[in-house]
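For reference, input10.pdb is printed below; it contains PDB, C-alpha atoms.
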ATOM      1  CA  MET V   1      43.367 -27.892  22.131  1.00  0.00           C
ATOM      2  CA  ASP V   2      46.071 -27.235  19.541  1.00  0.00           C
ATOM      3  CA  THR V   3      48.457 -29.512  21.370  1.00  0.00           C
ATOM      4  CA  LEU V   4      45.895 -32.329  21.316  1.00  0.00           C
ATOM      5  CA  ALA V   5      45.426 -31.899  17.578  1.00  0.00           C
ATOM      6  CA  ALA V   6      49.178 -31.798  17.028  1.00  0.00           C
ATOM      7  CA  ASP V   7      49.750 -34.829  19.255  1.00  0.00           C
ATOM      8  CA  PHE V   8      47.068 -36.803  17.446  1.00  0.00           C
ATOM      9  CA  ALA V   9      48.470 -35.786  14.054  1.00  0.00           C
ATOM     10  CA  ARG V  10      51.975 -36.855  15.104  1.00  0.00           C
ATOM     11  CA  ALA V  11      50.630 -40.173  16.414  1.00  0.00           C
ATOM     12  CA  CYS V  12      49.015 -40.699  12.995  1.00  0.00           C
ATOM     13  CA  GLY V  13      52.366 -40.090  11.307  1.00  0.00           C
ATOM     14  CA  TYR V  14      51.852 -36.502  10.129  1.00  0.00           C
ATOM     15  CA  THR V  15      55.023 -34.446  10.530  1.00  0.00           C
ATOM     16  CA  GLY V  16      53.946 -31.136   8.985  1.00  0.00           C
ATOM     17  CA  ASP V  17      52.485 -28.044  10.582  1.00  0.00           C
ATOM     18  CA  SER V  18      49.711 -27.017   8.209  1.00  0.00           C
ATOM     19  CA  PRO V  19      46.840 -25.441  10.185  1.00  0.00           C
ATOM     20  CA  ALA V  20      44.272 -26.852   7.780  1.00  0.00           C
ATOM     21  CA  LEU V  21      45.563 -30.397   8.158  1.00  0.00           C
ATOM     22  CA  LEU V  22      45.866 -30.040  11.927  1.00  0.00           C
ATOM     23  CA  GLU V  23      42.218 -28.901  11.978  1.00  0.00           C
ATOM     24  CA  ALA V  24      41.292 -31.909   9.873  1.00  0.00           C
ATOM     25  CA  PHE V  25      43.086 -34.251  12.280  1.00  0.00           C
ATOM     26  CA  GLU V  26      41.296 -32.582  15.200  1.00  0.00           C
ATOM     27  CA  ALA V  27      37.934 -33.066  13.483  1.00  0.00           C
ATOM     28  CA  ILE V  28      38.779 -36.741  12.892  1.00  0.00           C
ATOM     29  CA  ARG V  29      39.782 -37.160  16.541  1.00  0.00           C
ATOM     30  CA  ARG V  30      36.592 -35.504  17.836  1.00  0.00           C
ATOM     31  CA  ASN V  31      34.411 -37.508  15.479  1.00  0.00           C
ATOM     32  CA  GLY V  32      36.141 -40.727  16.533  1.00  0.00           C
ATOM     33  CA  ILE V  33      35.620 -39.985  20.217  1.00  0.00           C
ATOM     34  CA  GLU V  34      31.960 -39.099  19.640  1.00  0.00           C
ATOM     35  CA  ARG V  35      31.345 -42.234  17.606  1.00  0.00           C
ATOM     36  CA  ALA V  36      33.073 -44.413  20.201  1.00  0.00           C
ATOM     37  CA  ARG V  37      30.819 -42.973  22.909  1.00  0.00           C
ATOM     38  CA  GLN V  38      27.704 -43.620  20.840  1.00  0.00           C
ATOM     39  CA  ASP V  39      28.795 -47.195  20.141  1.00  0.00           C
ATOM     40  CA  HIS V  40      29.502 -47.756  23.830  1.00  0.00           C
ATOM     41  CA  VAL V  41      26.041 -46.495  24.818  1.00  0.00           C
ATOM     42  CA  ARG V  42      24.447 -48.739  22.187  1.00  0.00           C
ATOM     43  CA  ARG V  43      26.364 -51.821  23.398  1.00  0.00           C
ATOM     44  CA  LYS V  44      25.564 -51.034  27.028  1.00  0.00           C
ATOM     45  CA  ALA V  45      21.850 -50.785  26.216  1.00  0.00           C
ATOM     46  CA  VAL V  46      21.901 -54.261  24.671  1.00  0.00           C
ATOM     47  CA  ILE V  47      23.690 -55.722  27.693  1.00  0.00           C
ATOM     48  CA  ASP V  48      21.311 -53.975  30.110  1.00  0.00           C
ATOM     49  CA  GLU V  49      18.310 -55.474  28.318  1.00  0.00           C
ATOM     50  CA  LEU V  50      19.722 -58.995  28.558  1.00  0.00           C
ATOM     51  CA  ARG V  51      21.040 -58.966  32.107  1.00  0.00           C
ATOM     52  CA  HIS V  52      17.573 -59.387  33.644  1.00  0.00           C
ATOM     53  CA  SER V  53      17.457 -63.139  33.131  1.00  0.00           C
ATOM     54  CA  GLU V  54      19.438 -66.024  31.774  1.00  0.00           C
ATOM     55  CA  ALA V  55      16.567 -66.975  29.461  1.00  0.00           C
ATOM     56  CA  LEU V  56      16.852 -63.656  27.612  1.00  0.00           C
ATOM     57  CA  PHE V  57      20.578 -64.191  27.177  1.00  0.00           C
ATOM     58  CA  LEU V  58      20.118 -67.731  25.860  1.00  0.00           C
ATOM     59  CA  ALA V  59      17.488 -66.497  23.409  1.00  0.00           C
ATOM     60  CA  ALA V  60      19.855 -63.768  22.196  1.00  0.00           C
ATOM     61  CA  ILE V  61      22.742 -66.098  21.423  1.00  0.00           C
ATOM     62  CA  GLY V  62      20.588 -68.147  19.108  1.00  0.00           C
ATOM     63  CA  PRO V  63      21.090 -71.847  18.630  1.00  0.00           C
ATOM     64  CA  ALA V  64      24.210 -71.882  20.835  1.00  0.00           C
ATOM     65  CA  LEU V  65      23.669 -73.466  24.247  1.00  0.00           C
ATOM     66  CA  SER V  66      26.393 -71.585  26.129  1.00  0.00           C
ATOM     67  CA  ALA V  67      28.423 -68.401  25.965  1.00  0.00           C
ATOM     68  CA  GLN V  68      31.543 -70.321  24.941  1.00  0.00           C
ATOM     69  CA  GLU V  69      29.712 -72.023  22.089  1.00  0.00           C
ATOM     70  CA  ALA V  70      28.303 -68.676  20.926  1.00  0.00           C
ATOM     71  CA  ILE V  71      31.803 -67.155  20.911  1.00  0.00           C
ATOM     72  CA  GLU V  72      33.134 -70.071  18.864  1.00  0.00           C
ATOM     73  CA  ASP V  73      30.237 -69.810  16.396  1.00  0.00           C
ATOM     74  CA  ALA V  74      30.763 -66.075  15.981  1.00  0.00           C
ATOM     75  CA  ALA V  75      34.515 -66.481  15.504  1.00  0.00           C
ATOM     76  CA  ARG V  76      33.913 -69.198  12.924  1.00  0.00           C
ATOM     77  CA  PHE V  77      31.495 -67.003  10.979  1.00  0.00           C
ATOM     78  CA  ILE V  78      33.796 -63.959  11.110  1.00  0.00           C
ATOM     79  CA  ALA V  79      36.678 -66.039   9.730  1.00  0.00           C
ATOM     80  CA  PHE V  80      34.353 -67.471   7.073  1.00  0.00           C
ATOM     81  CA  TRP V  81      33.185 -63.962   6.151  1.00  0.00           C
ATOM     82  CA  ARG V  82      36.760 -62.714   5.725  1.00  0.00           C
ATOM     83  CA  ASN V  83      37.447 -65.445   3.172  1.00  0.00           C
ATOM     84  CA  MET V  84      34.379 -64.601   1.051  1.00  0.00           C
ATOM     85  CA  PRO V  85      34.587 -62.692  -2.221  1.00  0.00           C
ATOM     86  CA  ARG V  86      33.816 -58.996  -1.891  1.00  0.00           C
ATOM     87  CA  TRP V  87      30.387 -59.197  -3.534  1.00  0.00           C
ATOM     88  CA  ARG V  88      29.312 -61.934  -1.133  1.00  0.00           C
ATOM     89  CA  GLN V  89      30.706 -60.028   1.856  1.00  0.00           C
ATOM     90  CA  GLU V  90      28.513 -57.072   0.944  1.00  0.00           C
ATOM     91  CA  ARG V  91      25.437 -59.301   0.776  1.00  0.00           C
ATOM     92  CA  ARG V  92      26.228 -60.954   4.134  1.00  0.00           C
ATOM     93  CA  LEU V  93      27.072 -57.742   6.020  1.00  0.00           C
ATOM     94  CA  PRO V  94      23.982 -57.956   8.296  1.00  0.00           C
ATOM     95  CA  ASP V  95      25.102 -61.455   9.305  1.00  0.00           C
ATOM     96  CA  LEU V  96      28.555 -60.115  10.167  1.00  0.00           C
ATOM     97  CA  ILE V  97      27.037 -57.373  12.319  1.00  0.00           C
ATOM     98  CA  ARG V  98      24.899 -59.955  14.127  1.00  0.00           C
ATOM     99  CA  ALA V  99      27.906 -62.237  14.678  1.00  0.00           C
ATOM    100  CA  ARG V 100      29.965 -59.400  16.150  1.00  0.00           C
ATOM    101  CA  GLN V 101      27.080 -58.405  18.414  1.00  0.00           C
ATOM    102  CA  GLN V 102      26.613 -62.009  19.503  1.00  0.00           C
ATOM    103  CA  ARG V 103      30.330 -62.346  20.230  1.00  0.00           C
ATOM    104  CA  LEU V 104      30.295 -59.177  22.323  1.00  0.00           C
ATOM    105  CA  VAL V 105      27.255 -60.268  24.344  1.00  0.00           C
ATOM    106  CA  ALA V 106      28.604 -63.778  24.828  1.00  0.00           C
ATOM    107  CA  ARG V 107      31.992 -62.507  26.008  1.00  0.00           C
ATOM    108  CA  TYR V 108      30.346 -60.196  28.529  1.00  0.00           C
ATOM    109  CA  PHE V 109      28.076 -62.875  29.936  1.00  0.00           C
ATOM    110  CA  ARG V 110      30.823 -65.506  29.932  1.00  0.00           C
ATOM    111  CA  ARG V 111      32.798 -63.158  32.157  1.00  0.00           C
ATOM    112  CA  TYR V 112      30.082 -61.730  34.422  1.00  0.00           C
ATOM    113  CA  SER V 113      26.971 -63.924  34.273  1.00  0.00           C
ATOM    114  CA  HIS V 114      27.756 -65.957  37.371  1.00  0.00           C
ATOM    115  CA  ARG V 115      27.911 -62.743  39.440  1.00  0.00           C
ATOM    116  CA  LEU V 116      24.829 -61.150  37.894  1.00  0.00           C
ATOM    117  CA  TRP V 117      22.511 -64.100  38.203  1.00  0.00           C
ATOM    118  CA  ALA V 118      23.847 -65.232  41.588  1.00  0.00           C
ATOM    119  CA  LEU V 119      22.994 -61.797  42.995  1.00  0.00           C
ATOM    120  CA  GLU V 120      19.576 -61.973  41.380  1.00  0.00           C
ATOM    121  CA  ALA V 121      18.900 -65.409  42.844  1.00  0.00           C
ATOM    122  CA  ALA V 122      19.928 -64.315  46.344  1.00  0.00           C
TER
END
Whole structure, structure tokens version:
Amino acid sequence: MDTLAADFARACGYTGDSPALLEAFEAIRRNGIERARQDHVRRKAVIDELRHSEALFLAAIGPALSAQEAIEDAARFIAFWRNMPRWRQERRLPDLIRARQQRLVARYFRRYSHRLWALEAA
């Protein structure tokens, strides 16, 4: 485990050998892995809910009529959000989260929807 902590610390640019800092880097690494797993499970749950029918997917992507259009809308909003002043970004944070979620769902279904719904139809 010490080698993993040391390797992670070196990859982050730390060149020292302080046990306290190596422990801190190990805690950061473990927390990052745990959070990534939780985020993956959350994203998978959303996809699993929507894969049952095309109508659910179309309802989830909002006013967009296709996955490609939803991806373009989300990308446009994310770029727009990045150019906002900080105070406005903080007020529009829920919209950013929704746009990122919509982009993720649309990318997945753009890639795999023809397989999913063709199997369901058969």
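Excluding V:Arg110 itself and same-chain residues fewer than 2 positions from it, the residues having an atom within 12 Å of it are Arg51, Glu54, Phe57, Leu58, Ile61, Ser66, Ala67, Gln68, Glu69, Ala70, Ile71, Gln102, Arg103, Leu104, Val105, Ala106, Arg107, Tyr108, Tyr112, Ser113, His114, Arg115, Leu116 and Trp117 of chain V, counting only C-alpha atoms.
Within 9 Å of the file-frame point (31.8, -58.9, 12.6), and using all atoms listed in the file, the polymer residues found are Ala74, Ala75, Phe77, Ile78, Trp81, Leu93, Pro94, Asp95, Leu96, Ile97, Arg98, Ala99, Arg100, Gln101 and Arg103 of chain V.
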C-alpha atoms of the current selection, written as an mmCIF file, in the frame of the given file:
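That gives us selection38.cif:
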data_model
loop_
_atom_site.group_PDB
_atom_site.id
_atom_site.type_symbol
_atom_site.label_atom_id
_atom_site.label_comp_id
_atom_site.auth_asym_id
_atom_site.auth_seq_id
_atom_site.Cartn_x
_atom_site.Cartn_y
_atom_site.Cartn_z
ATOM 1 C CA ALA V 74 30.763 -66.075 15.981
ATOM 2 C CA ALA V 75 34.515 -66.481 15.504
ATOM 3 C CA PHE V 77 31.495 -67.003 10.979
ATOM 4 C CA ILE V 78 33.796 -63.959 11.110
ATOM 5 C CA TRP V 81 33.185 -63.962 6.151
ATOM 6 C CA LEU V 93 27.072 -57.742 6.020
ATOM 7 C CA PRO V 94 23.982 -57.956 8.296
ATOM 8 C CA ASP V 95 25.102 -61.455 9.305
ATOM 9 C CA LEU V 96 28.555 -60.115 10.167
ATOM 10 C CA ILE V 97 27.037 -57.373 12.319
ATOM 11 C CA ARG V 98 24.899 -59.955 14.127
ATOM 12 C CA ALA V 99 27.906 -62.237 14.678
ATOM 13 C CA ARG V 100 29.965 -59.400 16.150
ATOM 14 C CA GLN V 101 27.080 -58.405 18.414
ATOM 15 C CA ARG V 103 30.330 -62.346 20.230
#
### Task
Kindly indicate which residue among V:Leu22, V:Val41, V:Ile47, V:Ala59 lies nearest to V:Phe109, using all atoms listed in the file for the distances.
V:Ile47
### Query
Skipping near chain neighbours, those fewer than 2 positions away, what residues fall within 12 Å of V:Leu4 using only C-alpha atoms, listed as a ChimeraX atom specification?
/V:1-2,6-11,22-23,25-30
### Length of the atom CA of V:Ala36 to atom CA of V:Glu49 vector [Å]
20.2 Å
### Task
Would you please work out which residue, of V:Ala55, V:Cys12, V:Arg88, V:Ala5, is nearest to V:Ala24 when using all atoms listed in the file?
V:Ala5
### Query
Separation of atom CA of V:His40 and atom CA of V:Leu56, in Å?
20.7 Å
Grab all the atoms of stretch 100-111 of chain V that the file lists, wrap them in a box along x, y and z, add 4 Å per side, and give me centre plus edge lengths in Å (one decimal) as lines of an AutoDock Vina configuration file.
center_x = 29.7
center_y = -62.0
center_z = 24.2
size_x = 14.2
size_y = 15.1
size_z = 24.0
